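Engineer: Input file: work00.txt. Contents: compact mmCIF, N, CA and C atoms.
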# COMPACT_ATOMS: atom_id res chain seq x y z
N MET P 7 109.01 32.44 133.27
CA MET P 7 108.61 33.57 132.51
C MET P 7 109.25 34.83 133.09
N ARG P 8 109.77 35.63 132.21
CA ARG P 8 110.44 36.87 132.64
C ARG P 8 109.46 38.02 132.71
N PRO P 9 109.66 38.93 133.68
CA PRO P 9 108.79 40.12 133.71
C PRO P 9 109.18 41.09 132.59
N ARG P 10 108.23 41.70 131.99
CA ARG P 10 108.48 42.64 130.90
C ARG P 10 108.83 44.02 131.47
N LEU P 11 109.77 44.66 130.82
CA LEU P 11 110.13 46.02 131.21
C LEU P 11 109.16 46.99 130.57
N GLN P 12 108.65 47.88 131.38
CA GLN P 12 107.74 48.87 130.83
C GLN P 12 108.54 50.09 130.38
N VAL P 13 108.30 50.52 129.16
CA VAL P 13 108.96 51.69 128.61
C VAL P 13 108.02 52.88 128.74
N GLN P 14 108.53 53.96 129.34
CA GLN P 14 107.72 55.16 129.53
C GLN P 14 107.62 55.93 128.21
N ARG P 15 106.44 56.32 127.84
CA ARG P 15 106.23 57.08 126.61
C ARG P 15 105.55 58.39 126.97
N GLY P 16 105.96 59.47 126.28
CA GLY P 16 105.35 60.77 126.52
C GLY P 16 106.08 61.52 127.62
N PHE P 17 105.43 62.59 128.10
CA PHE P 17 106.03 63.45 129.11
C PHE P 17 105.22 63.36 130.39
N THR P 18 105.89 63.60 131.48
CA THR P 18 105.17 63.64 132.75
C THR P 18 104.53 65.02 132.91
N LEU P 19 103.58 65.10 133.78
CA LEU P 19 102.90 66.36 134.04
C LEU P 19 103.89 67.42 134.54
N LEU P 20 104.83 67.02 135.34
CA LEU P 20 105.82 67.96 135.86
C LEU P 20 106.67 68.54 134.72
N GLU P 21 107.08 67.74 133.78
CA GLU P 21 107.87 68.22 132.65
C GLU P 21 107.08 69.22 131.81
N LEU P 22 105.81 68.94 131.58
CA LEU P 22 104.98 69.86 130.82
C LEU P 22 104.81 71.20 131.56
N LEU P 23 104.63 71.15 132.86
CA LEU P 23 104.48 72.39 133.64
C LEU P 23 105.76 73.23 133.61
N VAL P 24 106.91 72.59 133.65
CA VAL P 24 108.18 73.32 133.59
C VAL P 24 108.31 74.01 132.24
N VAL P 25 107.98 73.34 131.16
CA VAL P 25 108.06 73.94 129.83
C VAL P 25 107.10 75.11 129.72
N LEU P 26 105.88 74.96 130.22
CA LEU P 26 104.91 76.06 130.17
C LEU P 26 105.38 77.26 130.99
N ALA P 27 105.98 77.02 132.13
CA ALA P 27 106.50 78.13 132.96
C ALA P 27 107.62 78.87 132.23
N ILE P 28 108.51 78.15 131.59
CA ILE P 28 109.61 78.78 130.84
C ILE P 28 109.04 79.62 129.70
N MET P 29 108.05 79.11 128.99
CA MET P 29 107.43 79.87 127.91
C MET P 29 106.73 81.12 128.42
N ALA P 30 106.07 81.03 129.55
CA ALA P 30 105.38 82.19 130.12
C ALA P 30 106.37 83.27 130.52
N ILE P 31 107.48 82.89 131.13
CA ILE P 31 108.50 83.87 131.53
C ILE P 31 109.12 84.52 130.29
N GLY P 32 109.39 83.74 129.26
CA GLY P 32 109.94 84.30 128.02
C GLY P 32 108.97 85.26 127.36
N SER P 33 107.70 84.92 127.32
CA SER P 33 106.69 85.80 126.72
C SER P 33 106.56 87.10 127.50
N ALA P 34 106.60 87.03 128.81
CA ALA P 34 106.52 88.25 129.63
C ALA P 34 107.72 89.15 129.36
N GLY P 35 108.90 88.56 129.20
CA GLY P 35 110.09 89.35 128.90
C GLY P 35 109.98 90.06 127.57
N VAL P 36 109.44 89.38 126.57
CA VAL P 36 109.27 90.00 125.25
C VAL P 36 108.27 91.15 125.34
N LEU P 37 107.17 90.97 126.03
CA LEU P 37 106.17 92.03 126.16
C LEU P 37 106.74 93.26 126.86
N LEU P 38 107.58 93.05 127.85
CA LEU P 38 108.16 94.19 128.55
C LEU P 38 109.12 94.97 127.67
N THR P 39 109.85 94.28 126.80
CA THR P 39 110.77 95.00 125.92
C THR P 39 110.05 95.70 124.78
N LEU P 40 108.87 95.24 124.41
CA LEU P 40 108.12 95.87 123.33
C LEU P 40 107.26 97.04 123.80
N ARG P 41 107.19 97.24 125.08
CA ARG P 41 106.38 98.33 125.61
C ARG P 41 106.91 99.66 125.11
N ASN P 42 106.04 100.52 124.66
CA ASN P 42 106.43 101.81 124.09
C ASN P 42 106.53 102.85 125.21
N THR P 43 107.74 103.23 125.55
CA THR P 43 107.93 104.24 126.58
C THR P 43 107.71 105.62 125.98
N PRO P 44 107.47 106.63 126.79
CA PRO P 44 107.30 107.99 126.26
C PRO P 44 108.53 108.46 125.47
N GLU P 45 109.72 108.09 125.91
CA GLU P 45 110.93 108.50 125.19
C GLU P 45 111.01 107.85 123.81
N GLN P 46 110.56 106.58 123.72
CA GLN P 46 110.53 105.92 122.41
C GLN P 46 109.51 106.58 121.49
N ALA P 47 108.36 106.96 122.06
CA ALA P 47 107.33 107.64 121.26
C ALA P 47 107.84 109.00 120.77
N LEU P 48 108.59 109.70 121.62
CA LEU P 48 109.18 110.98 121.22
C LEU P 48 110.17 110.79 120.07
N ALA P 49 110.98 109.75 120.17
CA ALA P 49 111.95 109.45 119.10
C ALA P 49 111.23 109.09 117.80
N GLN P 50 110.11 108.38 117.89
CA GLN P 50 109.34 108.05 116.69
C GLN P 50 108.76 109.30 116.05
N ASP P 51 108.25 110.23 116.88
CA ASP P 51 107.75 111.50 116.34
C ASP P 51 108.86 112.28 115.66
N ALA P 52 110.06 112.25 116.24
CA ALA P 52 111.20 112.95 115.63
C ALA P 52 111.56 112.34 114.28
N GLN P 53 111.60 111.03 114.19
CA GLN P 53 111.90 110.37 112.91
C GLN P 53 110.84 110.68 111.86
N ARG P 54 109.59 110.72 112.28
CA ARG P 54 108.51 111.06 111.36
C ARG P 54 108.64 112.49 110.87
N LEU P 55 108.98 113.41 111.78
CA LEU P 55 109.17 114.81 111.40
C LEU P 55 110.32 114.96 110.42
N VAL P 56 111.41 114.23 110.64
CA VAL P 56 112.56 114.27 109.72
C VAL P 56 112.13 113.86 108.32
N ALA P 57 111.35 112.79 108.22
CA ALA P 57 110.89 112.33 106.91
C ALA P 57 110.04 113.39 106.21
N TRP P 58 109.14 114.02 106.96
CA TRP P 58 108.29 115.06 106.38
C TRP P 58 109.11 116.28 105.97
N LEU P 59 110.06 116.69 106.80
CA LEU P 59 110.87 117.86 106.48
C LEU P 59 111.69 117.62 105.20
N ASP P 60 112.28 116.46 105.09
CA ASP P 60 113.07 116.15 103.89
C ASP P 60 112.18 116.09 102.65
N THR P 61 110.98 115.55 102.80
CA THR P 61 110.04 115.50 101.68
C THR P 61 109.63 116.91 101.26
N ALA P 62 109.29 117.74 102.23
CA ALA P 62 108.87 119.11 101.93
C ALA P 62 110.02 119.90 101.31
N ARG P 63 111.22 119.67 101.79
CA ARG P 63 112.39 120.38 101.25
C ARG P 63 112.63 119.97 99.79
N ALA P 64 112.50 118.70 99.50
CA ALA P 64 112.67 118.22 98.12
C ALA P 64 111.58 118.79 97.22
N GLN P 65 110.34 118.81 97.70
CA GLN P 65 109.23 119.39 96.92
C GLN P 65 109.47 120.87 96.65
N SER P 66 109.98 121.57 97.65
CA SER P 66 110.26 122.99 97.51
C SER P 66 111.29 123.23 96.42
N ARG P 67 112.32 122.42 96.40
CA ARG P 67 113.38 122.59 95.40
C ARG P 67 112.88 122.24 94.01
N VAL P 68 112.07 121.20 93.88
CA VAL P 68 111.56 120.78 92.58
C VAL P 68 110.61 121.83 92.01
N ARG P 69 109.73 122.36 92.86
CA ARG P 69 108.73 123.31 92.39
C ARG P 69 109.24 124.75 92.36
N GLY P 70 110.35 125.02 93.04
CA GLY P 70 110.86 126.38 93.10
C GLY P 70 110.03 127.30 93.97
N GLU P 71 109.35 126.73 94.97
CA GLU P 71 108.49 127.51 95.85
C GLU P 71 109.06 127.52 97.27
N ARG P 72 108.90 128.64 97.94
CA ARG P 72 109.36 128.76 99.33
C ARG P 72 108.40 128.02 100.24
N VAL P 73 108.94 127.12 101.05
CA VAL P 73 108.13 126.32 101.95
C VAL P 73 108.56 126.60 103.38
N LEU P 74 107.57 126.79 104.25
CA LEU P 74 107.81 127.02 105.67
C LEU P 74 107.19 125.89 106.46
N CYS P 75 107.83 125.52 107.57
CA CYS P 75 107.29 124.51 108.47
C CYS P 75 107.05 125.16 109.83
N PHE P 76 105.84 124.98 110.34
CA PHE P 76 105.46 125.50 111.66
C PHE P 76 105.15 124.34 112.58
N THR P 77 105.48 124.48 113.85
CA THR P 77 105.12 123.47 114.85
C THR P 77 104.26 124.13 115.91
N ASN P 78 103.40 123.32 116.52
CA ASN P 78 102.60 123.79 117.64
C ASN P 78 102.32 122.61 118.56
N ALA P 79 101.45 122.81 119.53
CA ALA P 79 101.18 121.75 120.51
C ALA P 79 100.48 120.56 119.88
N GLN P 80 99.74 120.79 118.79
CA GLN P 80 99.00 119.69 118.17
C GLN P 80 99.83 118.92 117.15
N GLY P 81 100.81 119.56 116.52
CA GLY P 81 101.58 118.88 115.49
C GLY P 81 102.39 119.88 114.67
N PHE P 82 102.52 119.61 113.39
CA PHE P 82 103.29 120.48 112.50
C PHE P 82 102.57 120.59 111.16
N TYR P 83 102.83 121.69 110.45
CA TYR P 83 102.23 121.88 109.13
C TYR P 83 103.16 122.71 108.27
N PHE P 84 102.92 122.64 106.97
CA PHE P 84 103.74 123.32 105.98
C PHE P 84 102.89 124.33 105.22
N THR P 85 103.51 125.43 104.83
CA THR P 85 102.85 126.39 103.95
C THR P 85 103.77 126.66 102.77
N GLY P 86 103.16 127.02 101.64
CA GLY P 86 103.95 127.43 100.50
C GLY P 86 103.92 126.52 99.30
N LEU P 87 103.45 125.30 99.44
CA LEU P 87 103.38 124.40 98.29
C LEU P 87 101.98 124.48 97.71
N SER P 88 101.82 125.25 96.67
CA SER P 88 100.50 125.43 96.07
C SER P 88 100.00 124.13 95.46
N GLY P 89 98.82 123.73 95.87
CA GLY P 89 98.20 122.53 95.33
C GLY P 89 98.76 121.22 95.82
N ALA P 90 99.74 121.25 96.70
CA ALA P 90 100.32 120.00 97.20
C ALA P 90 99.50 119.47 98.37
N ALA P 91 99.47 118.16 98.50
CA ALA P 91 98.67 117.54 99.55
C ALA P 91 99.20 117.87 100.94
N LEU P 92 100.49 118.11 101.07
CA LEU P 92 101.03 118.33 102.41
C LEU P 92 100.97 119.78 102.86
N SER P 93 100.57 120.71 101.98
CA SER P 93 100.53 122.11 102.34
C SER P 93 99.31 122.43 103.19
N ASN P 94 99.52 123.16 104.27
CA ASN P 94 98.48 123.64 105.19
C ASN P 94 97.72 122.53 105.90
N GLU P 95 98.16 121.31 105.79
CA GLU P 95 97.50 120.20 106.48
C GLU P 95 98.25 119.93 107.79
N LEU P 96 97.51 119.92 108.89
CA LEU P 96 98.13 119.66 110.19
C LEU P 96 98.46 118.17 110.29
N HIS P 97 99.70 117.89 110.61
CA HIS P 97 100.14 116.51 110.84
C HIS P 97 100.31 116.36 112.35
N PRO P 98 99.34 115.73 113.01
CA PRO P 98 99.39 115.67 114.47
C PRO P 98 100.53 114.78 114.97
N TRP P 99 101.00 115.11 116.18
CA TRP P 99 102.00 114.26 116.82
C TRP P 99 101.35 112.92 117.09
N THR P 100 102.10 111.85 116.93
CA THR P 100 101.53 110.52 117.18
C THR P 100 101.41 110.26 118.67
N TYR P 101 102.21 110.92 119.47
CA TYR P 101 102.15 110.77 120.92
C TYR P 101 101.58 112.07 121.49
N THR P 102 100.56 111.97 122.31
CA THR P 102 99.83 113.16 122.76
C THR P 102 100.67 114.12 123.60
N ARG P 103 101.73 113.65 124.23
CA ARG P 103 102.55 114.53 125.06
C ARG P 103 103.70 115.19 124.30
N THR P 104 103.89 114.87 123.02
CA THR P 104 104.97 115.46 122.24
C THR P 104 104.66 116.92 121.96
N ARG P 105 105.67 117.76 122.11
CA ARG P 105 105.55 119.19 121.78
C ARG P 105 106.78 119.57 120.98
N GLY P 106 106.62 120.54 120.09
CA GLY P 106 107.75 120.98 119.29
C GLY P 106 107.91 122.48 119.34
N ASP P 107 109.14 122.93 119.51
CA ASP P 107 109.46 124.35 119.50
C ASP P 107 110.49 124.60 118.42
N ALA P 108 110.11 125.32 117.38
CA ALA P 108 111.11 125.78 116.43
C ALA P 108 111.90 126.86 117.15
N GLN P 109 113.14 127.10 116.70
CA GLN P 109 113.95 128.09 117.39
C GLN P 109 113.20 129.41 117.47
N THR P 110 113.00 129.90 118.65
CA THR P 110 112.27 131.15 118.94
C THR P 110 110.93 131.19 118.22
N ASN P 111 110.28 130.04 118.07
CA ASN P 111 108.96 129.92 117.44
C ASN P 111 108.91 130.48 116.03
N ALA P 112 110.02 130.65 115.37
CA ALA P 112 110.06 131.06 113.97
C ALA P 112 109.90 129.81 113.12
N PRO P 113 109.28 129.93 111.95
CA PRO P 113 109.14 128.74 111.11
C PRO P 113 110.47 128.33 110.50
N LEU P 114 110.56 127.07 110.15
CA LEU P 114 111.73 126.59 109.41
C LEU P 114 111.53 126.94 107.94
N VAL P 115 112.55 127.46 107.32
CA VAL P 115 112.51 127.77 105.89
C VAL P 115 113.19 126.62 105.16
N LEU P 116 112.43 125.94 104.30
CA LEU P 116 112.92 124.71 103.68
C LEU P 116 113.37 124.86 102.23
N GLY P 117 113.29 126.02 101.69
CA GLY P 117 113.78 126.16 100.32
C GLY P 117 113.08 127.30 99.62
N PRO P 118 113.30 127.45 98.35
CA PRO P 118 113.72 126.49 97.33
C PRO P 118 115.23 126.42 97.10
N GLU P 119 116.00 127.24 97.78
CA GLU P 119 117.45 127.23 97.56
C GLU P 119 118.03 125.88 97.98
N PRO P 120 119.05 125.40 97.28
CA PRO P 120 119.67 124.12 97.66
C PRO P 120 120.34 124.17 99.03
N MET P 121 120.85 125.35 99.41
CA MET P 121 121.46 125.49 100.74
C MET P 121 120.57 126.42 101.56
N ILE P 122 120.19 125.94 102.73
CA ILE P 122 119.43 126.76 103.67
C ILE P 122 120.30 126.94 104.90
N GLY P 123 119.96 127.87 105.73
CA GLY P 123 120.74 128.07 106.95
C GLY P 123 120.56 126.94 107.93
N PRO P 124 121.47 126.83 108.91
CA PRO P 124 121.30 125.81 109.95
C PRO P 124 119.99 126.05 110.70
N GLN P 125 119.24 125.01 110.91
CA GLN P 125 117.94 125.12 111.56
C GLN P 125 117.71 123.92 112.45
N HIS P 126 116.87 124.10 113.45
CA HIS P 126 116.53 122.97 114.31
C HIS P 126 115.17 123.18 114.96
N ILE P 127 114.58 122.08 115.35
CA ILE P 127 113.36 122.05 116.15
C ILE P 127 113.64 121.14 117.33
N THR P 128 113.31 121.59 118.51
CA THR P 128 113.46 120.77 119.70
C THR P 128 112.12 120.16 120.04
N LEU P 129 112.07 118.85 120.09
CA LEU P 129 110.86 118.15 120.52
C LEU P 129 111.05 117.74 121.97
N TYR P 130 110.00 117.88 122.74
CA TYR P 130 110.08 117.51 124.15
C TYR P 130 108.75 116.92 124.59
N LEU P 131 108.76 116.30 125.75
CA LEU P 131 107.54 115.72 126.31
C LEU P 131 106.89 116.73 127.25
N GLN P 132 105.61 116.95 127.06
CA GLN P 132 104.89 117.87 127.94
C GLN P 132 104.95 117.32 129.37
N GLY P 133 105.34 118.17 130.29
CA GLY P 133 105.46 117.76 131.68
C GLY P 133 106.77 117.08 132.01
N SER P 134 107.63 116.93 131.04
CA SER P 134 108.92 116.28 131.24
C SER P 134 109.96 116.94 130.34
N PRO P 135 110.32 118.20 130.61
CA PRO P 135 111.21 118.93 129.71
C PRO P 135 112.63 118.36 129.61
N GLN P 136 113.03 117.47 130.50
CA GLN P 136 114.37 116.88 130.40
C GLN P 136 114.43 115.85 129.28
N SER P 137 113.28 115.36 128.82
CA SER P 137 113.24 114.42 127.71
C SER P 137 113.10 115.21 126.41
N THR P 138 114.22 115.44 125.74
CA THR P 138 114.19 116.22 124.52
C THR P 138 114.93 115.50 123.40
N VAL P 139 114.52 115.82 122.19
CA VAL P 139 115.17 115.33 120.97
C VAL P 139 115.23 116.52 120.03
N VAL P 140 116.36 116.70 119.36
CA VAL P 140 116.52 117.82 118.44
C VAL P 140 116.55 117.29 117.01
N VAL P 141 115.71 117.87 116.17
CA VAL P 141 115.72 117.59 114.73
C VAL P 141 116.42 118.78 114.09
N ALA P 142 117.52 118.53 113.37
CA ALA P 142 118.34 119.64 112.88
C ALA P 142 118.96 119.34 111.53
N THR P 143 119.38 120.43 110.88
CA THR P 143 120.17 120.35 109.66
C THR P 143 121.23 121.45 109.72
N ASP P 144 122.33 121.21 109.05
CA ASP P 144 123.35 122.25 108.96
C ASP P 144 123.09 123.16 107.75
N GLY P 145 122.04 122.87 107.00
CA GLY P 145 121.68 123.68 105.84
C GLY P 145 122.04 123.03 104.53
N LEU P 146 123.01 122.16 104.56
CA LEU P 146 123.43 121.48 103.33
C LEU P 146 122.92 120.04 103.30
N ARG P 147 123.07 119.34 104.42
CA ARG P 147 122.64 117.95 104.49
C ARG P 147 121.17 117.85 104.86
N ASP P 148 120.64 116.62 104.79
CA ASP P 148 119.26 116.36 105.19
C ASP P 148 119.09 116.58 106.68
N PHE P 149 117.85 116.67 107.10
CA PHE P 149 117.54 116.76 108.53
C PHE P 149 117.88 115.44 109.19
N GLY P 150 118.22 115.49 110.46
CA GLY P 150 118.54 114.31 111.23
C GLY P 150 118.14 114.51 112.68
N VAL P 151 118.16 113.43 113.44
CA VAL P 151 117.78 113.46 114.85
C VAL P 151 119.05 113.49 115.70
N LEU P 152 119.14 114.46 116.59
CA LEU P 152 120.23 114.57 117.55
C LEU P 152 119.65 114.33 118.94
N ARG P 153 120.38 113.66 119.77
CA ARG P 153 119.89 113.41 121.14
C ARG P 153 120.62 114.27 122.13
Can the structure in the file be given as structure tokens, please?
Structural biologist:
Amino acid sequence: MRPRLQVQRGFTLLELLVVLAIMAIGSAGVLLTLRNTPEQALAQDAQRLVAWLDTARAQSRVRGERVLCFTNAQGFYFTGLSGAALSNELHPWTYTRTRGDAQTNAPLVLGPEPMIGPQHITLYLQGSPQSTVVVATDGLRDFGVLR
């Protein structure tokens, strides 16, 4: 009578532990890359401000009303759009350390003229003035983010 060969089925405990360790290291790497740094939060606030400025500028041109944008430590707001939802409503910064300075604290004039003068707002992190982002327009094109 011949001895039967035993065929191994399944995985060994060591193989399972190696796979789990690889998955844990990969998951940790993903979590570290998804972490929101203050500079990323500042860039997100800048992109949000660009969207609002372009919307307010378009509304100003459609309605034929002069719209101004003001920034402060809490956020930004618009004046001049009578009866519009975005007029006089404070839009807070999404990141608590974001601050915005319009040039010499003057408001941005968004219309109703199709061409406005070159304008910009510098966003920075409170306590970290070297981290800045500039939201600007040349007066003809839409607002954009400059680094």
Engineer: From a DSSP pass on the backbone, collect the residues of stretch 26-145 of chain P flagged as strand (DSSP E or B) and hand them back as a PDB file with N, CA and C atoms, in the coordinates of the input.
Structural biologist:
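Final output, saved to out.pdb:
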ATOM      1  N   LEU P  74     107.570 126.790 104.250  1.00  0.00           N
ATOM      2  CA  LEU P  74     107.810 127.020 105.670  1.00  0.00           C
ATOM      3  C   LEU P  74     107.190 125.890 106.460  1.00  0.00           C
ATOM      4  N   CYS P  75     107.830 125.520 107.570  1.00  0.00           N
ATOM      5  CA  CYS P  75     107.290 124.510 108.470  1.00  0.00           C
ATOM      6  C   CYS P  75     107.050 125.160 109.830  1.00  0.00           C
ATOM      7  N   PHE P  76     105.840 124.980 110.340  1.00  0.00           N
ATOM      8  CA  PHE P  76     105.460 125.500 111.660  1.00  0.00           C
ATOM      9  C   PHE P  76     105.150 124.340 112.580  1.00  0.00           C
ATOM     10  N   THR P  77     105.480 124.480 113.850  1.00  0.00           N
ATOM     11  CA  THR P  77     105.120 123.470 114.850  1.00  0.00           C
ATOM     12  C   THR P  77     104.260 124.130 115.910  1.00  0.00           C
ATOM     13  N   GLY P  81     100.810 119.560 116.520  1.00  0.00           N
ATOM     14  CA  GLY P  81     101.580 118.880 115.490  1.00  0.00           C
ATOM     15  C   GLY P  81     102.390 119.880 114.670  1.00  0.00           C
ATOM     16  N   PHE P  82     102.520 119.610 113.390  1.00  0.00           N
ATOM     17  CA  PHE P  82     103.290 120.480 112.500  1.00  0.00           C
ATOM     18  C   PHE P  82     102.570 120.590 111.160  1.00  0.00           C
ATOM     19  N   TYR P  83     102.830 121.690 110.450  1.00  0.00           N
ATOM     20  CA  TYR P  83     102.230 121.880 109.130  1.00  0.00           C
ATOM     21  C   TYR P  83     103.160 122.710 108.270  1.00  0.00           C
ATOM     22  N   PHE P  84     102.920 122.640 106.970  1.00  0.00           N
ATOM     23  CA  PHE P  84     103.740 123.320 105.980  1.00  0.00           C
ATOM     24  C   PHE P  84     102.890 124.330 105.220  1.00  0.00           C
ATOM     25  N   THR P  85     103.510 125.430 104.830  1.00  0.00           N
ATOM     26  CA  THR P  85     102.850 126.390 103.950  1.00  0.00           C
ATOM     27  C   THR P  85     103.770 126.660 102.770  1.00  0.00           C
ATOM     28  N   SER P  93     100.570 120.710 101.980  1.00  0.00           N
ATOM     29  CA  SER P  93     100.530 122.110 102.340  1.00  0.00           C
ATOM     30  C   SER P  93      99.310 122.430 103.190  1.00  0.00           C
ATOM     31  N   HIS P  97      99.700 117.890 110.610  1.00  0.00           N
ATOM     32  CA  HIS P  97     100.140 116.510 110.840  1.00  0.00           C
ATOM     33  C   HIS P  97     100.310 116.360 112.350  1.00  0.00           C
ATOM     34  N   PRO P  98      99.340 115.730 113.010  1.00  0.00           N
ATOM     35  CA  PRO P  98      99.390 115.670 114.470  1.00  0.00           C
ATOM     36  C   PRO P  98     100.530 114.780 114.970  1.00  0.00           C
ATOM     37  N   THR P 104     103.890 114.870 123.020  1.00  0.00           N
ATOM     38  CA  THR P 104     104.970 115.460 122.240  1.00  0.00           C
ATOM     39  C   THR P 104     104.660 116.920 121.960  1.00  0.00           C
ATOM     40  N   ARG P 105     105.670 117.760 122.110  1.00  0.00           N
ATOM     41  CA  ARG P 105     105.550 119.190 121.780  1.00  0.00           C
ATOM     42  C   ARG P 105     106.780 119.570 120.980  1.00  0.00           C
ATOM     43  N   GLY P 106     106.620 120.540 120.090  1.00  0.00           N
ATOM     44  CA  GLY P 106     107.750 120.980 119.290  1.00  0.00           C
ATOM     45  C   GLY P 106     107.910 122.480 119.340  1.00  0.00           C
ATOM     46  N   ASP P 107     109.140 122.930 119.510  1.00  0.00           N
ATOM     47  CA  ASP P 107     109.460 124.350 119.500  1.00  0.00           C
ATOM     48  C   ASP P 107     110.490 124.600 118.420  1.00  0.00           C
ATOM     49  N   ALA P 108     110.110 125.320 117.380  1.00  0.00           N
ATOM     50  CA  ALA P 108     111.110 125.780 116.430  1.00  0.00           C
ATOM     51  C   ALA P 108     111.900 126.860 117.150  1.00  0.00           C
ATOM     52  N   LEU P 114     110.560 127.070 110.150  1.00  0.00           N
ATOM     53  CA  LEU P 114     111.730 126.590 109.410  1.00  0.00           C
ATOM     54  C   LEU P 114     111.530 126.940 107.940  1.00  0.00           C
ATOM     55  N   VAL P 115     112.550 127.460 107.320  1.00  0.00           N
ATOM     56  CA  VAL P 115     112.510 127.770 105.890  1.00  0.00           C
ATOM     57  C   VAL P 115     113.190 126.620 105.160  1.00  0.00           C
ATOM     58  N   GLN P 125     119.240 125.010 110.910  1.00  0.00           N
ATOM     59  CA  GLN P 125     117.940 125.120 111.560  1.00  0.00           C
ATOM     60  C   GLN P 125     117.710 123.920 112.450  1.00  0.00           C
ATOM     61  N   HIS P 126     116.870 124.100 113.450  1.00  0.00           N
ATOM     62  CA  HIS P 126     116.530 122.970 114.310  1.00  0.00           C
ATOM     63  C   HIS P 126     115.170 123.180 114.960  1.00  0.00           C
ATOM     64  N   ILE P 127     114.580 122.080 115.350  1.00  0.00           N
ATOM     65  CA  ILE P 127     113.360 122.050 116.150  1.00  0.00           C
ATOM     66  C   ILE P 127     113.640 121.140 117.330  1.00  0.00           C
ATOM     67  N   THR P 128     113.310 121.590 118.510  1.00  0.00           N
ATOM     68  CA  THR P 128     113.460 120.770 119.700  1.00  0.00           C
ATOM     69  C   THR P 128     112.120 120.160 120.040  1.00  0.00           C
ATOM     70  N   LEU P 129     112.070 118.850 120.090  1.00  0.00           N
ATOM     71  CA  LEU P 129     110.860 118.150 120.520  1.00  0.00           C
ATOM     72  C   LEU P 129     111.050 117.740 121.970  1.00  0.00           C
ATOM     73  N   TYR P 130     110.000 117.880 122.740  1.00  0.00           N
ATOM     74  CA  TYR P 130     110.080 117.510 124.150  1.00  0.00           C
ATOM     75  C   TYR P 130     108.750 116.920 124.590  1.00  0.00           C
ATOM     76  N   LEU P 131     108.760 116.300 125.750  1.00  0.00           N
ATOM     77  CA  LEU P 131     107.540 115.720 126.310  1.00  0.00           C
ATOM     78  C   LEU P 131     106.890 116.730 127.250  1.00  0.00           C
ATOM     79  N   SER P 134     107.630 116.930 131.040  1.00  0.00           N
ATOM     80  CA  SER P 134     108.920 116.280 131.240  1.00  0.00           C
ATOM     81  C   SER P 134     109.960 116.940 130.340  1.00  0.00           C
ATOM     82  N   PRO P 135     110.320 118.200 130.610  1.00  0.00           N
ATOM     83  CA  PRO P 135     111.210 118.930 129.710  1.00  0.00           C
ATOM     84  C   PRO P 135     112.630 118.360 129.610  1.00  0.00           C
ATOM     85  N   GLN P 136     113.030 117.470 130.500  1.00  0.00           N
ATOM     86  CA  GLN P 136     114.370 116.880 130.400  1.00  0.00           C
ATOM     87  C   GLN P 136     114.430 115.850 129.280  1.00  0.00           C
ATOM     88  N   SER P 137     113.280 115.360 128.820  1.00  0.00           N
ATOM     89  CA  SER P 137     113.240 114.420 127.710  1.00  0.00           C
ATOM     90  C   SER P 137     113.100 115.210 126.410  1.00  0.00           C
ATOM     91  N   THR P 138     114.220 115.440 125.740  1.00  0.00           N
ATOM     92  CA  THR P 138     114.190 116.220 124.520  1.00  0.00           C
ATOM     93  C   THR P 138     114.930 115.500 123.400  1.00  0.00           C
ATOM     94  N   VAL P 139     114.520 115.820 122.190  1.00  0.00           N
ATOM     95  CA  VAL P 139     115.170 115.330 120.970  1.00  0.00           C
ATOM     96  C   VAL P 139     115.230 116.520 120.030  1.00  0.00           C
ATOM     97  N   VAL P 140     116.360 116.700 119.360  1.00  0.00           N
ATOM     98  CA  VAL P 140     116.520 117.820 118.440  1.00  0.00           C
ATOM     99  C   VAL P 140     116.550 117.290 117.010  1.00  0.00           C
ATOM    100  N   VAL P 141     115.710 117.870 116.170  1.00  0.00           N
ATOM    101  CA  VAL P 141     115.720 117.590 114.730  1.00  0.00           C
ATOM    102  C   VAL P 141     116.420 118.780 114.090  1.00  0.00           C
ATOM    103  N   ALA P 142     117.520 118.530 113.370  1.00  0.00           N
ATOM    104  CA  ALA P 142     118.340 119.640 112.880  1.00  0.00           C
ATOM    105  C   ALA P 142     118.960 119.340 111.530  1.00  0.00           C
ATOM    106  N   THR P 143     119.380 120.430 110.880  1.00  0.00           N
ATOM    107  CA  THR P 143     120.170 120.350 109.660  1.00  0.00           C
ATOM    108  C   THR P 143     121.230 121.450 109.720  1.00  0.00           C
TER     109      THR P 143
END
Engineer: If you run DSSP on this backbone, which residues of chain P come out as helix (DSSP H, G or I), and could you give them as a ChimeraX atom specification?
Structural biologist: /P:19-40,44-69,109-111
Engineer: Name all residues at most 6.5 Å from stretch 39-49 of chain P (count all atoms listed in the file; drop same-chain ones fewer than 5 positions away) and give them as a ChimeraX atom specification.
Structural biologist: /P:34,54,101,104
Engineer: What does the distance between atom CA of P:Leu22 and atom CA of P:Arg10 come to in Å, to one decimal place?
Structural biologist: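 Distance between the two atoms: 27.4 Å.
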Engineer: I'd like the neighbourhood of stretch 119-135 of chain P as a PyMOL selection string, where a residue qualifies if any of its atoms comes within 9 Å (using only C-alpha atoms), though same-chain residues fewer than 4 positions away should be ignored.
Structural biologist: chain P and resi 44-45+48-49+51-52+63+66-67+70+72+77+102-109+114-115+139-147+149
Engineer: Between atom CA of P:Pro113 and atom C of P:Trp99, measure the distance and give it in Å to one decimal.
Structural biologist: 18.6 Å
Engineer: Would you work out the distance separating atom N of P:Val56 from atom N of P:Pro98, expressed in Å to one decimal?
Structural biologist: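 Distance reported for this atom pair: 12.4 Å.
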